[in-house]
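Step one of this worksheet: look at the structure below.
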Amino acid sequence: MLWALDASAHDGTVGHHVSVEGVDVSGAPRDELAARVAGLANRFEATPVIITAGSHTYHSTEGDLGLSIDQARAVDEALAAHRGSLLTSFPRWFGSLIGTTTVRVAVTVDEGRLEAEVARLSSGPAGSALEPSLTLRDGQIVVRAGGPGSAVAPATVRPLLESRGFTLDPVAITVPEQVRAPATSTEQAQSAADAANALTGQSIDVSAGPATTTLTPAQLRRWVVADGQGPSFGFSLDPDLVVADLSLLLRAGTSGPVDASITLDPHGHPTITPSVDGAACCAPGAGDVLLAALHARPTGPVALAMRPVAPGLSTAAAQALGINEVVSSFTTHHPCCAPRVSNIHRAADLVRGVILRPGQSLSFNDFLGQRTADKGWVDAPSIIDGKLEDSIGGGISQFMTTMFNAAWFAGLDFDTYQSHSLYITRYPFGREATISWTAPDLKIRDSTPYGVMIWPTYTDTSITITLYSTRLLAKVEQGPQTATLSGKSCSSITTPRIRTYLDGTVKNDVFYARYQAKEGVLCNDPLPAGVSPVAVPGQPPPSVPPSATPPSTATSPSTTRPGTTPPPTTAPKK
């Protein structure tokens with residue numbers, strides 16, 4: 001009666017005190033039972049198996065060797081542990097009152113997986129026979145002897161694994177070793193070595209383009225490698241080594257590629273000069289051509305085909321950049337003939353024609369390098385620590401301010417920029433940039449899908465930078481500027497930019513500048529009597545509290561971006 005009541009209470013679930021190979025499944029419904037059995041199956045299939053054959057050891061797992069447990073059978077047997085006829089189930093039920101009923105699982109073997117895994121193990125370095133090869137020794141091609149390999153037969157593995165049955169402990173078995181002999185005999189290899197020595201015993205002349213050279217037996221034999229196995233064992237010339245060596249021996253025949261270039265025609269329109277492919281020795285297959293020539297022994301040099309060398313910028317790639325029209329142009333003016341003008345012109349000459357590809361950034365410090373006298377830069381006034389002083393390359397910041405504004409109106413982005421610390425009236429208020437070595441820097445980024453070409457021009461009293469690309473913007477506008485106090489005496493200028501695209505999209509960003517109230521008065525210096533902070537034109541200057549505590553203004557000029565706090569003013573500027 002109690003047995004029947006208990007069986008009825010556990011209808012659809014496992015009875016009490018039931019385990020599957022030690023995993024407690026008591027009271028589990030079918031889906032939970034199936035999940036626990038699946039977990040047990042995964043652990044079983046991951047069990048390591050170590051196979052020893054002679055002096056070789058192979059490592060695998062029960063699962064890789066095709067062993068698994070019959071999960072469906074284990075689930076059915078666990079659910080039926082206390083069910084069935086009174087004669088068969090009552091003894092198991094009664095025993096479960098004082099102990100645990102354990103369901104044993106059946107292990108199955110997938111013959112195909114077993115054979116595939118044993119074949120994989122036997123194909124490794126330990127299993128493969130070492131075939132004879134050819135090598136160069138003392139100027140002659142000689143045979144490097146092979147050796148036997150080791151293999152394992154699936155038929156010897158299966159019964160040993162089946163006899164272990166279910167286990168989660170690592171399994172170690174020992175099986176007979178099957179010895180694999182090399183496919184090529186020593187005699188066959190020696191015959192090939194003799195033929196290779198005979199074929200390469202005389203020099204041969206080769207040419208590639210206008211270059212020629214003589215290949216000596218020593219050079220030819222350096223390229224000989226074994227080819228094939230058994231009766232077909234022979235030799236060939238290593239294709240990669242042949243091309244690598246000949247590219248040096250016949251380098252006089254190389255003609256370098258020429259990149260496509262973009263310049264302006266007499267009407268000021270961008271025009272592309274096509275690229276030219278280069279040529280170098282040698283085209284793939286030179287080894288086969290040379291081997292055939294060694295057999296044929298022609299009277300003249302063996303002509304080897306050249307391989308094309310692609311330019312860094314092809315004509316098609318240049319066309320795809322879309323550098324077709326003016327997208328912005330900006331001009332600043334300066335007095336004639338001062339030393340700083342020489343630096344402005346030098347920067348313009350170096351940058352003219354530079355092309356930014358889509359997504360590419362250009363650091364002007366990286367591009368121009370350190371400004372030194374031996375590179376053609378001259379001494380001119382700079383702003384250093386808030387004061388005007390002469391330094392090599394002074395005045396270059398006029399070029400950078402012009403570049404900044406050309407990029408600004410082209411809608412490009414800025415990775416790094418910094419304003420002058422003193423406002424200079426010939427520059428747009430709050431919308432300018434300076435550089436010095438090694439910081440601050442001006443770094444612009446082409447965030448468009450087209451290339452951008454930089455084209456500076458100048459007169460004795462002005463510098464103009466024009467950018468060429470494909471127009472995406474309908475207009476770029478400056479929003480209302482604001483000025484706030486920075487430190488005790490500096491003004492932080494905020495300048496919004498509104499970019500309106502041809503498709504109607506509008507994007508806004510913000511730029512910053514910071515100006516000292518006067519030369520030599522740093523941001524945390526008190527304002528001199530009668531001096532006010534710099535103000536936005538047409539607006540009153542920022543108000544100065546009677547006893548203001550200077551706010552923190554620390555920032556890194558190398559990471560200043562639109563939308564961040566203003567850059568510092570104490571770094572050297574030009």
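Identifiers in the structure tokens: chain A, B, ... in order shown; residue index from 1 per chain; ligand index from 1 in order shown.
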
Polymer residues at most 8 Å from segment 400-410 of chain A, only C-alpha atoms, same-chain spacing of 2 or more positions, as a list in words: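 So, after excluding close chain neighbours, the residues are Val327, Ser328, Ser329, Phe330, Thr331, Thr332, Ile396, Ser397, Gln398, Leu412, Asp413, Tyr427, Arg431, Glu432, Ala433, Thr434, Ile435, Leu442, Ile444, Ile463, Thr464, Ile465, Thr466, Leu467, Leu473 and Val476 of chain A.
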
For the selection just defined, write its residues with N, CA and C atoms to a file, as a PDB file, in the first residue's frame.
```pdb
ATOM      1  N   VAL A 327      35.870  73.267 -51.435  1.00  0.00           N
ATOM      2  CA  VAL A 327      34.873  73.123 -50.370  1.00  0.00           C
ATOM      3  C   VAL A 327      35.052  74.195 -49.303  1.00  0.00           C
ATOM      4  N   SER A 328      36.204  74.842 -49.262  1.00  0.00           N
ATOM      5  CA  SER A 328      36.381  75.991 -48.378  1.00  0.00           C
ATOM      6  C   SER A 328      37.672  76.707 -48.760  1.00  0.00           C
ATOM      7  N   SER A 329      37.744  77.988 -48.376  1.00  0.00           N
ATOM      8  CA  SER A 329      38.965  78.759 -48.585  1.00  0.00           C
ATOM      9  C   SER A 329      38.996  79.862 -47.536  1.00  0.00           C
ATOM     10  N   PHE A 330      40.186  80.121 -46.991  1.00  0.00           N
ATOM     11  CA  PHE A 330      40.278  81.147 -45.952  1.00  0.00           C
ATOM     12  C   PHE A 330      41.601  81.885 -46.108  1.00  0.00           C
ATOM     13  N   THR A 331      41.548  83.191 -45.867  1.00  0.00           N
ATOM     14  CA  THR A 331      42.719  84.051 -46.027  1.00  0.00           C
ATOM     15  C   THR A 331      42.933  84.868 -44.768  1.00  0.00           C
ATOM     16  N   THR A 332      44.190  84.988 -44.335  1.00  0.00           N
ATOM     17  CA  THR A 332      44.560  85.957 -43.299  1.00  0.00           C
ATOM     18  C   THR A 332      45.650  86.855 -43.875  1.00  0.00           C
ATOM     19  N   ILE A 396      54.709  80.874 -37.589  1.00  0.00           N
ATOM     20  CA  ILE A 396      54.045  79.759 -38.277  1.00  0.00           C
ATOM     21  C   ILE A 396      52.594  79.622 -37.848  1.00  0.00           C
ATOM     22  N   SER A 397      52.262  80.174 -36.669  1.00  0.00           N
ATOM     23  CA  SER A 397      50.885  80.050 -36.199  1.00  0.00           C
ATOM     24  C   SER A 397      49.907  80.835 -37.071  1.00  0.00           C
ATOM     25  N   GLN A 398      50.374  81.813 -37.836  1.00  0.00           N
ATOM     26  CA  GLN A 398      49.455  82.467 -38.785  1.00  0.00           C
ATOM     27  C   GLN A 398      49.011  81.451 -39.835  1.00  0.00           C
ATOM     28  N   LEU A 412      35.388  69.943 -41.337  1.00  0.00           N
ATOM     29  CA  LEU A 412      36.226  68.863 -40.828  1.00  0.00           C
ATOM     30  C   LEU A 412      36.234  68.869 -39.302  1.00  0.00           C
ATOM     31  N   ASP A 413      36.728  67.787 -38.720  1.00  0.00           N
ATOM     32  CA  ASP A 413      36.811  67.684 -37.271  1.00  0.00           C
ATOM     33  C   ASP A 413      38.243  67.931 -36.814  1.00  0.00           C
ATOM     34  N   TYR A 427      43.483  87.968 -36.538  1.00  0.00           N
ATOM     35  CA  TYR A 427      42.871  86.627 -36.562  1.00  0.00           C
ATOM     36  C   TYR A 427      41.408  86.720 -36.147  1.00  0.00           C
ATOM     37  N   ARG A 431      38.560  82.031 -32.821  1.00  0.00           N
ATOM     38  CA  ARG A 431      38.506  80.963 -33.828  1.00  0.00           C
ATOM     39  C   ARG A 431      39.860  80.905 -34.523  1.00  0.00           C
ATOM     40  N   GLU A 432      40.863  80.448 -33.769  1.00  0.00           N
ATOM     41  CA  GLU A 432      42.220  80.410 -34.319  1.00  0.00           C
ATOM     42  C   GLU A 432      43.047  79.364 -33.579  1.00  0.00           C
ATOM     43  N   ALA A 433      44.250  79.099 -34.066  1.00  0.00           N
ATOM     44  CA  ALA A 433      45.051  78.010 -33.508  1.00  0.00           C
ATOM     45  C   ALA A 433      46.529  78.333 -33.622  1.00  0.00           C
ATOM     46  N   THR A 434      47.297  77.717 -32.752  1.00  0.00           N
ATOM     47  CA  THR A 434      48.744  77.888 -32.731  1.00  0.00           C
ATOM     48  C   THR A 434      49.401  76.533 -32.548  1.00  0.00           C
ATOM     49  N   ILE A 435      50.688  76.444 -32.892  1.00  0.00           N
ATOM     50  CA  ILE A 435      51.440  75.239 -32.567  1.00  0.00           C
ATOM     51  C   ILE A 435      52.836  75.631 -32.107  1.00  0.00           C
ATOM     52  N   LEU A 442      48.245  71.231 -33.862  1.00  0.00           N
ATOM     53  CA  LEU A 442      46.987  71.302 -34.601  1.00  0.00           C
ATOM     54  C   LEU A 442      46.851  69.996 -35.367  1.00  0.00           C
ATOM     55  N   ILE A 444      43.990  67.916 -37.586  1.00  0.00           N
ATOM     56  CA  ILE A 444      42.666  67.891 -38.197  1.00  0.00           C
ATOM     57  C   ILE A 444      42.365  66.488 -38.704  1.00  0.00           C
ATOM     58  N   ILE A 463      48.141  84.981 -46.655  1.00  0.00           N
ATOM     59  CA  ILE A 463      48.236  83.530 -46.829  1.00  0.00           C
ATOM     60  C   ILE A 463      46.811  83.007 -46.985  1.00  0.00           C
ATOM     61  N   THR A 464      46.592  82.208 -48.026  1.00  0.00           N
ATOM     62  CA  THR A 464      45.274  81.624 -48.305  1.00  0.00           C
ATOM     63  C   THR A 464      45.416  80.109 -48.334  1.00  0.00           C
ATOM     64  N   ILE A 465      44.480  79.421 -47.676  1.00  0.00           N
ATOM     65  CA  ILE A 465      44.449  77.960 -47.747  1.00  0.00           C
ATOM     66  C   ILE A 465      43.101  77.551 -48.309  1.00  0.00           C
ATOM     67  N   THR A 466      43.145  76.816 -49.426  1.00  0.00           N
ATOM     68  CA  THR A 466      41.949  76.325 -50.098  1.00  0.00           C
ATOM     69  C   THR A 466      41.912  74.810 -49.971  1.00  0.00           C
ATOM     70  N   LEU A 467      40.759  74.279 -49.635  1.00  0.00           N
ATOM     71  CA  LEU A 467      40.573  72.831 -49.509  1.00  0.00           C
ATOM     72  C   LEU A 467      39.685  72.342 -50.642  1.00  0.00           C
ATOM     73  N   LEU A 473      28.347  70.124 -47.568  1.00  0.00           N
ATOM     74  CA  LEU A 473      27.703  71.100 -46.714  1.00  0.00           C
ATOM     75  C   LEU A 473      27.029  72.202 -47.529  1.00  0.00           C
ATOM     76  N   VAL A 476      28.187  76.622 -43.386  1.00  0.00           N
ATOM     77  CA  VAL A 476      28.763  76.507 -42.053  1.00  0.00           C
ATOM     78  C   VAL A 476      28.672  77.887 -41.420  1.00  0.00           C
TER      79      VAL A 476
END
```

Report as a CSV table (one decimal) with N, CA and C atoms, in the first residue's frame all protein, DNA and RNA residues lying within 8 Å of Ala38 of chain A, evaluated on only C-alpha atoms, omitting residues in the same chain fewer than 4 positions from it.
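Produced file out.csv, reproduced below:
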```csv
chain,number,residue,atom,x,y,z
A,34,ALA,N,16.4,15.4,-17.5
A,34,ALA,CA,17.1,15.3,-18.8
A,34,ALA,C,18.3,16.3,-18.8
A,42,ASN,N,28.1,15.5,-20.8
A,42,ASN,CA,29.1,16.4,-21.1
A,42,ASN,C,30.4,16.2,-20.3
A,71,GLN,N,21.5,8.9,-23.3
A,71,GLN,CA,20.8,9.8,-22.4
A,71,GLN,C,19.4,9.5,-22.2
```

Selected residue, from A:Gln140, A:Gln360, A:Thr100, A:Gln516, that lies nearest to His17 of chain A when counting only C-alpha atoms: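 Closest to His17 of chain A of all the choices is A:Thr100.
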
Ala338 of chain A surroundings by only C-alpha atoms, 10 Å radius, close-in-sequence under 4 positions cut, as a ChimeraX atom specification: /A:334,342-343,380-381,395,460-461

Write the residues of the preceding selection, restricted to C-alpha atoms, as a PDB file, in the first residue's frame.
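And here's out20.pdb as it stands now:
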```pdb
ATOM      1  CA  HIS A 334      50.063  90.200 -42.409  1.00  0.00           C
ATOM      2  CA  SER A 342      59.470  83.414 -44.493  1.00  0.00           C
ATOM      3  CA  ASN A 343      58.229  80.795 -42.015  1.00  0.00           C
ATOM      4  CA  ALA A 380      60.862  85.414 -35.556  1.00  0.00           C
ATOM      5  CA  PRO A 381      58.587  86.603 -32.707  1.00  0.00           C
ATOM      6  CA  GLY A 395      55.038  83.229 -37.101  1.00  0.00           C
ATOM      7  CA  ASP A 460      53.758  89.194 -49.673  1.00  0.00           C
ATOM      8  CA  THR A 461      50.931  90.244 -47.356  1.00  0.00           C
TER       9      THR A 461
END
```

Filtered DSSP result for segment 377-530 of chain A, state strand (DSSP E), as a ChimeraX atom specification: /A:379-384,387-392,413-416,443-445,452-458,462-469,473-478,482-486,490-501,506-515

Could you write those residues out with C-alpha atoms, as a PDB file, in the first residue's frame?
```
ATOM      1  CA  ASP A 379      64.043  83.348 -36.043  1.00  0.00           C
ATOM      2  CA  ALA A 380      60.862  85.414 -35.556  1.00  0.00           C
ATOM      3  CA  PRO A 381      58.587  86.603 -32.707  1.00  0.00           C
ATOM      4  CA  SER A 382      56.585  83.992 -30.779  1.00  0.00           C
ATOM      5  CA  ILE A 383      54.355  84.002 -27.709  1.00  0.00           C
ATOM      6  CA  ILE A 384      56.186  82.068 -24.982  1.00  0.00           C
ATOM      7  CA  LYS A 387      55.220  87.043 -23.581  1.00  0.00           C
ATOM      8  CA  LEU A 388      56.526  87.901 -27.041  1.00  0.00           C
ATOM      9  CA  GLU A 389      59.966  86.393 -27.656  1.00  0.00           C
ATOM     10  CA  ASP A 390      61.935  85.377 -30.755  1.00  0.00           C
ATOM     11  CA  SER A 391      62.251  81.676 -31.589  1.00  0.00           C
ATOM     12  CA  ILE A 392      63.025  79.507 -34.637  1.00  0.00           C
ATOM     13  CA  ASP A 413      36.811  67.684 -37.271  1.00  0.00           C
ATOM     14  CA  PHE A 414      39.681  68.532 -34.938  1.00  0.00           C
ATOM     15  CA  ASP A 415      41.510  65.998 -32.798  1.00  0.00           C
ATOM     16  CA  THR A 416      43.715  68.680 -31.197  1.00  0.00           C
ATOM     17  CA  LYS A 443      45.555  67.980 -35.747  1.00  0.00           C
ATOM     18  CA  ILE A 444      42.666  67.891 -38.197  1.00  0.00           C
ATOM     19  CA  ARG A 445      40.659  64.832 -39.207  1.00  0.00           C
ATOM     20  CA  VAL A 452      40.623  66.415 -48.904  1.00  0.00           C
ATOM     21  CA  MET A 453      43.503  68.185 -50.663  1.00  0.00           C
ATOM     22  CA  ILE A 454      45.218  71.151 -48.963  1.00  0.00           C
ATOM     23  CA  TRP A 455      46.367  73.889 -51.337  1.00  0.00           C
ATOM     24  CA  PRO A 456      48.034  76.964 -49.772  1.00  0.00           C
ATOM     25  CA  THR A 457      48.911  80.056 -51.804  1.00  0.00           C
ATOM     26  CA  TYR A 458      50.395  83.334 -50.638  1.00  0.00           C
ATOM     27  CA  SER A 462      48.518  87.295 -47.147  1.00  0.00           C
ATOM     28  CA  ILE A 463      48.236  83.530 -46.829  1.00  0.00           C
ATOM     29  CA  THR A 464      45.274  81.624 -48.305  1.00  0.00           C
ATOM     30  CA  ILE A 465      44.449  77.960 -47.747  1.00  0.00           C
ATOM     31  CA  THR A 466      41.949  76.325 -50.098  1.00  0.00           C
ATOM     32  CA  LEU A 467      40.573  72.831 -49.509  1.00  0.00           C
ATOM     33  CA  TYR A 468      39.384  70.659 -52.394  1.00  0.00           C
ATOM     34  CA  SER A 469      37.008  67.706 -52.020  1.00  0.00           C
ATOM     35  CA  LEU A 473      27.703  71.100 -46.714  1.00  0.00           C
ATOM     36  CA  ALA A 474      25.167  73.739 -47.683  1.00  0.00           C
ATOM     37  CA  LYS A 475      26.647  76.184 -45.177  1.00  0.00           C
ATOM     38  CA  VAL A 476      28.763  76.507 -42.053  1.00  0.00           C
ATOM     39  CA  GLU A 477      27.829  79.257 -39.593  1.00  0.00           C
ATOM     40  CA  GLN A 478      29.244  80.627 -36.364  1.00  0.00           C
ATOM     41  CA  THR A 482      30.274  83.993 -25.010  1.00  0.00           C
ATOM     42  CA  ALA A 483      33.103  84.945 -22.663  1.00  0.00           C
ATOM     43  CA  THR A 484      33.565  83.801 -19.085  1.00  0.00           C
ATOM     44  CA  LEU A 485      36.281  84.497 -16.553  1.00  0.00           C
ATOM     45  CA  SER A 486      39.078  81.880 -16.413  1.00  0.00           C
ATOM     46  CA  CYS A 490      41.829  85.378 -18.483  1.00  0.00           C
ATOM     47  CA  SER A 491      38.774  85.098 -20.697  1.00  0.00           C
ATOM     48  CA  SER A 492      37.457  81.735 -21.879  1.00  0.00           C
ATOM     49  CA  ILE A 493      35.731  82.184 -25.249  1.00  0.00           C
ATOM     50  CA  THR A 494      33.093  79.729 -26.453  1.00  0.00           C
ATOM     51  CA  THR A 495      32.366  79.641 -30.201  1.00  0.00           C
ATOM     52  CA  PRO A 496      29.522  77.419 -31.544  1.00  0.00           C
ATOM     53  CA  ARG A 497      29.686  75.982 -35.073  1.00  0.00           C
ATOM     54  CA  ILE A 498      26.531  75.046 -36.992  1.00  0.00           C
ATOM     55  CA  ARG A 499      27.069  72.699 -39.961  1.00  0.00           C
ATOM     56  CA  THR A 500      24.088  72.377 -42.320  1.00  0.00           C
ATOM     57  CA  TYR A 501      24.462  69.532 -44.836  1.00  0.00           C
ATOM     58  CA  VAL A 506      22.345  69.917 -38.950  1.00  0.00           C
ATOM     59  CA  LYS A 507      25.261  69.237 -36.606  1.00  0.00           C
ATOM     60  CA  ASN A 508      26.428  71.545 -33.830  1.00  0.00           C
ATOM     61  CA  ASP A 509      29.746  71.588 -32.011  1.00  0.00           C
ATOM     62  CA  VAL A 510      31.621  74.049 -29.811  1.00  0.00           C
ATOM     63  CA  PHE A 511      35.158  75.468 -29.859  1.00  0.00           C
ATOM     64  CA  TYR A 512      37.156  77.180 -27.166  1.00  0.00           C
ATOM     65  CA  ALA A 513      39.863  79.804 -26.885  1.00  0.00           C
ATOM     66  CA  ARG A 514      41.404  81.483 -23.874  1.00  0.00           C
ATOM     67  CA  TYR A 515      43.042  84.884 -23.858  1.00  0.00           C
TER      68      TYR A 515
END
```

Long-range neighbours of Val103 of chain A as an MDAnalysis selection string, 8 Å cut-off, only C-alpha atoms, 5 positions minimum in chain: chainID A and resid 18:21 74 77:78 81

Please save N, CA and C atoms of the selected residues as a PDB file, in the first residue's frame.
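Saved file again04.pdb follows:
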```pdb
ATOM      1  N   VAL A  18      17.101   8.383  -5.631  1.00  0.00           N
ATOM      2  CA  VAL A  18      17.524   7.841  -6.930  1.00  0.00           C
ATOM      3  C   VAL A  18      18.668   8.706  -7.464  1.00  0.00           C
ATOM      4  N   SER A  19      19.703   8.053  -7.959  1.00  0.00           N
ATOM      5  CA  SER A  19      20.803   8.786  -8.592  1.00  0.00           C
ATOM      6  C   SER A  19      21.131   8.153  -9.933  1.00  0.00           C
ATOM      7  N   VAL A  20      21.712   8.960 -10.822  1.00  0.00           N
ATOM      8  CA  VAL A  20      22.224   8.458 -12.101  1.00  0.00           C
ATOM      9  C   VAL A  20      23.739   8.569 -12.046  1.00  0.00           C
ATOM     10  N   GLU A  21      24.400   7.449 -11.903  1.00  0.00           N
ATOM     11  CA  GLU A  21      25.860   7.403 -11.802  1.00  0.00           C
ATOM     12  C   GLU A  21      26.384   8.405 -10.763  1.00  0.00           C
ATOM     13  N   ALA A  74      18.862   6.530 -19.987  1.00  0.00           N
ATOM     14  CA  ALA A  74      19.119   6.855 -18.589  1.00  0.00           C
ATOM     15  C   ALA A  74      17.949   7.617 -17.977  1.00  0.00           C
ATOM     16  N   GLU A  77      15.024   5.100 -17.400  1.00  0.00           N
ATOM     17  CA  GLU A  77      15.293   4.178 -16.294  1.00  0.00           C
ATOM     18  C   GLU A  77      15.208   4.893 -14.943  1.00  0.00           C
ATOM     19  N   ALA A  78      15.624   6.155 -14.876  1.00  0.00           N
ATOM     20  CA  ALA A  78      15.526   6.890 -13.607  1.00  0.00           C
ATOM     21  C   ALA A  78      14.074   7.137 -13.242  1.00  0.00           C
ATOM     22  N   ALA A  81      12.443   3.901 -11.918  1.00  0.00           N
ATOM     23  CA  ALA A  81      13.190   3.198 -10.863  1.00  0.00           C
ATOM     24  C   ALA A  81      12.265   2.547  -9.846  1.00  0.00           C
TER      25      ALA A  81
END
```

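Residue nearest Glu117 of chain A, chosen from A:Thr61, A:Thr13, A:Gln219, A:Thr315 and counting only C-alpha atoms: A:Thr61.
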
Two-atom distance - atom CA of Leu33 of chain A, atom CA of Glu62 of chain A (Å): 22.6 Å

Selected residue of minimal separation from Ser261 of chain A among A:Pro301, A:Gly430, A:Pro311, A:Pro217, counting only C-alpha atoms: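 Under the stated criterion, the closest residue is A:Pro311.
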
Residue nearest Thr47 of chain A among A:Ala193, A:Gly520, A:Asp169, A:Ser68 (counting only C-alpha atoms):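 Of the candidates, the smallest distance to Thr47 of chain A is held by A:Asp169.
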
Give the alpha helix (DSSP H) residues of segment 109-197 of chain A, as DSSP finds them on the backbone, and put them as a CSV table (one decimal) with N, CA and C atoms, in the first residue's frame.
```csv
chain,number,residue,atom,x,y,z
A,111,GLU,N,31.6,4.5,-34.3
A,111,GLU,CA,32.8,4.0,-35.0
A,111,GLU,C,33.4,5.0,-35.9
A,112,GLY,N,32.6,5.8,-36.6
A,112,GLY,CA,33.2,6.8,-37.5
A,112,GLY,C,34.1,7.8,-36.8
A,113,ARG,N,33.5,8.3,-35.7
A,113,ARG,CA,34.3,9.3,-34.9
A,113,ARG,C,35.5,8.7,-34.3
A,114,LEU,N,35.4,7.4,-33.9
A,114,LEU,CA,36.6,6.8,-33.3
A,114,LEU,C,37.7,6.6,-34.3
A,115,GLU,N,37.4,6.2,-35.5
A,115,GLU,CA,38.4,6.0,-36.6
A,115,GLU,C,39.0,7.4,-37.0
A,116,ALA,N,38.1,8.4,-37.1
A,116,ALA,CA,38.6,9.7,-37.5
A,116,ALA,C,39.6,10.3,-36.5
A,117,GLU,N,39.3,10.1,-35.2
A,117,GLU,CA,40.1,10.7,-34.1
A,117,GLU,C,41.5,9.9,-34.1
A,118,VAL,N,41.4,8.6,-34.2
A,118,VAL,CA,42.6,7.8,-34.1
A,118,VAL,C,43.5,8.2,-35.3
A,119,ALA,N,42.9,8.4,-36.5
A,119,ALA,CA,43.6,8.8,-37.7
A,119,ALA,C,44.3,10.1,-37.5
A,120,ARG,N,43.5,11.1,-36.8
A,120,ARG,CA,44.1,12.4,-36.6
A,120,ARG,C,45.3,12.3,-35.6
A,121,LEU,N,45.2,11.5,-34.6
A,121,LEU,CA,46.3,11.3,-33.6
A,121,LEU,C,47.5,10.7,-34.3
A,122,SER,N,47.3,9.8,-35.2
A,122,SER,CA,48.4,9.1,-35.9
A,122,SER,C,49.0,9.9,-36.9
A,154,PRO,N,42.4,1.7,-34.7
A,154,PRO,CA,41.2,1.9,-34.0
A,154,PRO,C,40.7,0.6,-33.3
A,155,ALA,N,40.9,-0.6,-34.0
A,155,ALA,CA,40.4,-1.8,-33.5
A,155,ALA,C,41.1,-2.2,-32.2
A,156,THR,N,42.3,-1.7,-31.9
A,156,THR,CA,42.9,-2.0,-30.6
A,156,THR,C,42.5,-1.0,-29.5
A,157,VAL,N,41.9,0.1,-29.9
A,157,VAL,CA,41.5,1.1,-28.9
A,157,VAL,C,40.1,0.8,-28.4
A,158,ARG,N,39.2,0.5,-29.3
A,158,ARG,CA,37.7,0.4,-28.9
A,158,ARG,C,37.5,-0.6,-27.8
A,159,PRO,N,38.0,-1.8,-27.8
A,159,PRO,CA,37.6,-2.8,-26.7
A,159,PRO,C,38.1,-2.3,-25.4
A,160,LEU,N,39.3,-1.6,-25.4
A,160,LEU,CA,39.8,-1.2,-24.1
A,160,LEU,C,39.0,-0.1,-23.5
A,161,LEU,N,38.5,0.8,-24.4
A,161,LEU,CA,37.6,1.9,-23.9
A,161,LEU,C,36.3,1.3,-23.4
A,162,GLU,N,35.7,0.4,-24.2
A,162,GLU,CA,34.4,-0.2,-23.8
A,162,GLU,C,34.5,-0.9,-22.5
A,163,SER,N,35.6,-1.6,-22.3
A,163,SER,CA,35.8,-2.3,-21.0
A,163,SER,C,35.8,-1.4,-19.8
A,164,ARG,N,36.2,-0.2,-20.0
A,164,ARG,CA,36.2,0.8,-18.8
A,164,ARG,C,34.8,1.3,-18.5
A,186,THR,N,65.7,5.0,-49.3
A,186,THR,CA,67.0,5.7,-49.4
A,186,THR,C,67.6,5.7,-50.8
A,187,GLU,N,67.4,4.6,-51.5
A,187,GLU,CA,67.9,4.5,-52.9
A,187,GLU,C,67.2,5.5,-53.8
A,188,GLN,N,65.9,5.6,-53.7
A,188,GLN,CA,65.1,6.5,-54.5
A,188,GLN,C,65.6,8.0,-54.3
A,189,ALA,N,65.8,8.3,-53.0
A,189,ALA,CA,66.2,9.6,-52.7
A,189,ALA,C,67.6,9.9,-53.2
A,190,GLN,N,68.5,8.9,-53.1
A,190,GLN,CA,69.9,9.1,-53.6
A,190,GLN,C,69.9,9.3,-55.1
A,191,SER,N,69.0,8.6,-55.8
A,191,SER,CA,68.9,8.8,-57.3
A,191,SER,C,68.5,10.2,-57.6
A,192,ALA,N,67.6,10.8,-56.9
A,192,ALA,CA,67.2,12.2,-57.1
A,192,ALA,C,68.3,13.1,-56.8
A,193,ALA,N,69.1,12.9,-55.7
A,193,ALA,CA,70.2,13.8,-55.4
A,193,ALA,C,71.3,13.7,-56.5
A,194,ASP,N,71.5,12.6,-57.1
A,194,ASP,CA,72.5,12.5,-58.1
A,194,ASP,C,72.1,13.2,-59.4
A,195,ALA,N,70.8,13.1,-59.7
A,195,ALA,CA,70.2,13.9,-60.8
A,195,ALA,C,70.3,15.4,-60.6
A,196,ALA,N,70.0,15.8,-59.4
A,196,ALA,CA,70.0,17.3,-59.1
A,196,ALA,C,71.4,17.8,-59.2
A,197,ASN,N,72.4,17.1,-58.7
A,197,ASN,CA,73.8,17.5,-58.8
A,197,ASN,C,74.3,17.6,-60.3
```

For Pro526 of chain A: contacts at 9 Å, only C-alpha atoms, fewer than 4 positions along chain excluded, given as a list in words: Lys488, Ser489, Val521 and Leu522 of chain A

Please produce a file of the residues just selected, as a CSV table (one decimal), in the first residue's frame, where the atoms kept are N, CA and C atoms.
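Printed below is selection.csv as written:
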```csv
chain,number,residue,atom,x,y,z
A,488,LYS,N,41.9,84.3,-12.6
A,488,LYS,CA,41.7,85.7,-12.1
A,488,LYS,C,41.6,86.7,-13.2
A,489,SER,N,42.1,86.4,-14.4
A,489,SER,CA,42.2,87.5,-15.3
A,489,SER,C,42.0,87.1,-16.8
A,521,VAL,N,50.6,88.9,-18.3
A,521,VAL,CA,49.7,88.7,-17.2
A,521,VAL,C,49.0,87.3,-17.4
A,522,LEU,N,49.5,86.4,-16.6
A,522,LEU,CA,49.0,85.0,-16.7
A,522,LEU,C,47.6,84.9,-16.1
```

Top pick for closest residue to Tyr423 of chain A, considering A:Gly285, A:Val534, A:Gly394, A:Leu502 and counting only C-alpha atoms: A:Val534

Proximity to Ala280 of chain A - best of A:Val109, A:Ala153, A:Ala35, A:Ala208, only C-alpha atoms: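 Between A:Val109, A:Ala153, A:Ala35, A:Ala208, the residue approaching Ala280 of chain A most closely is A:Ala208.
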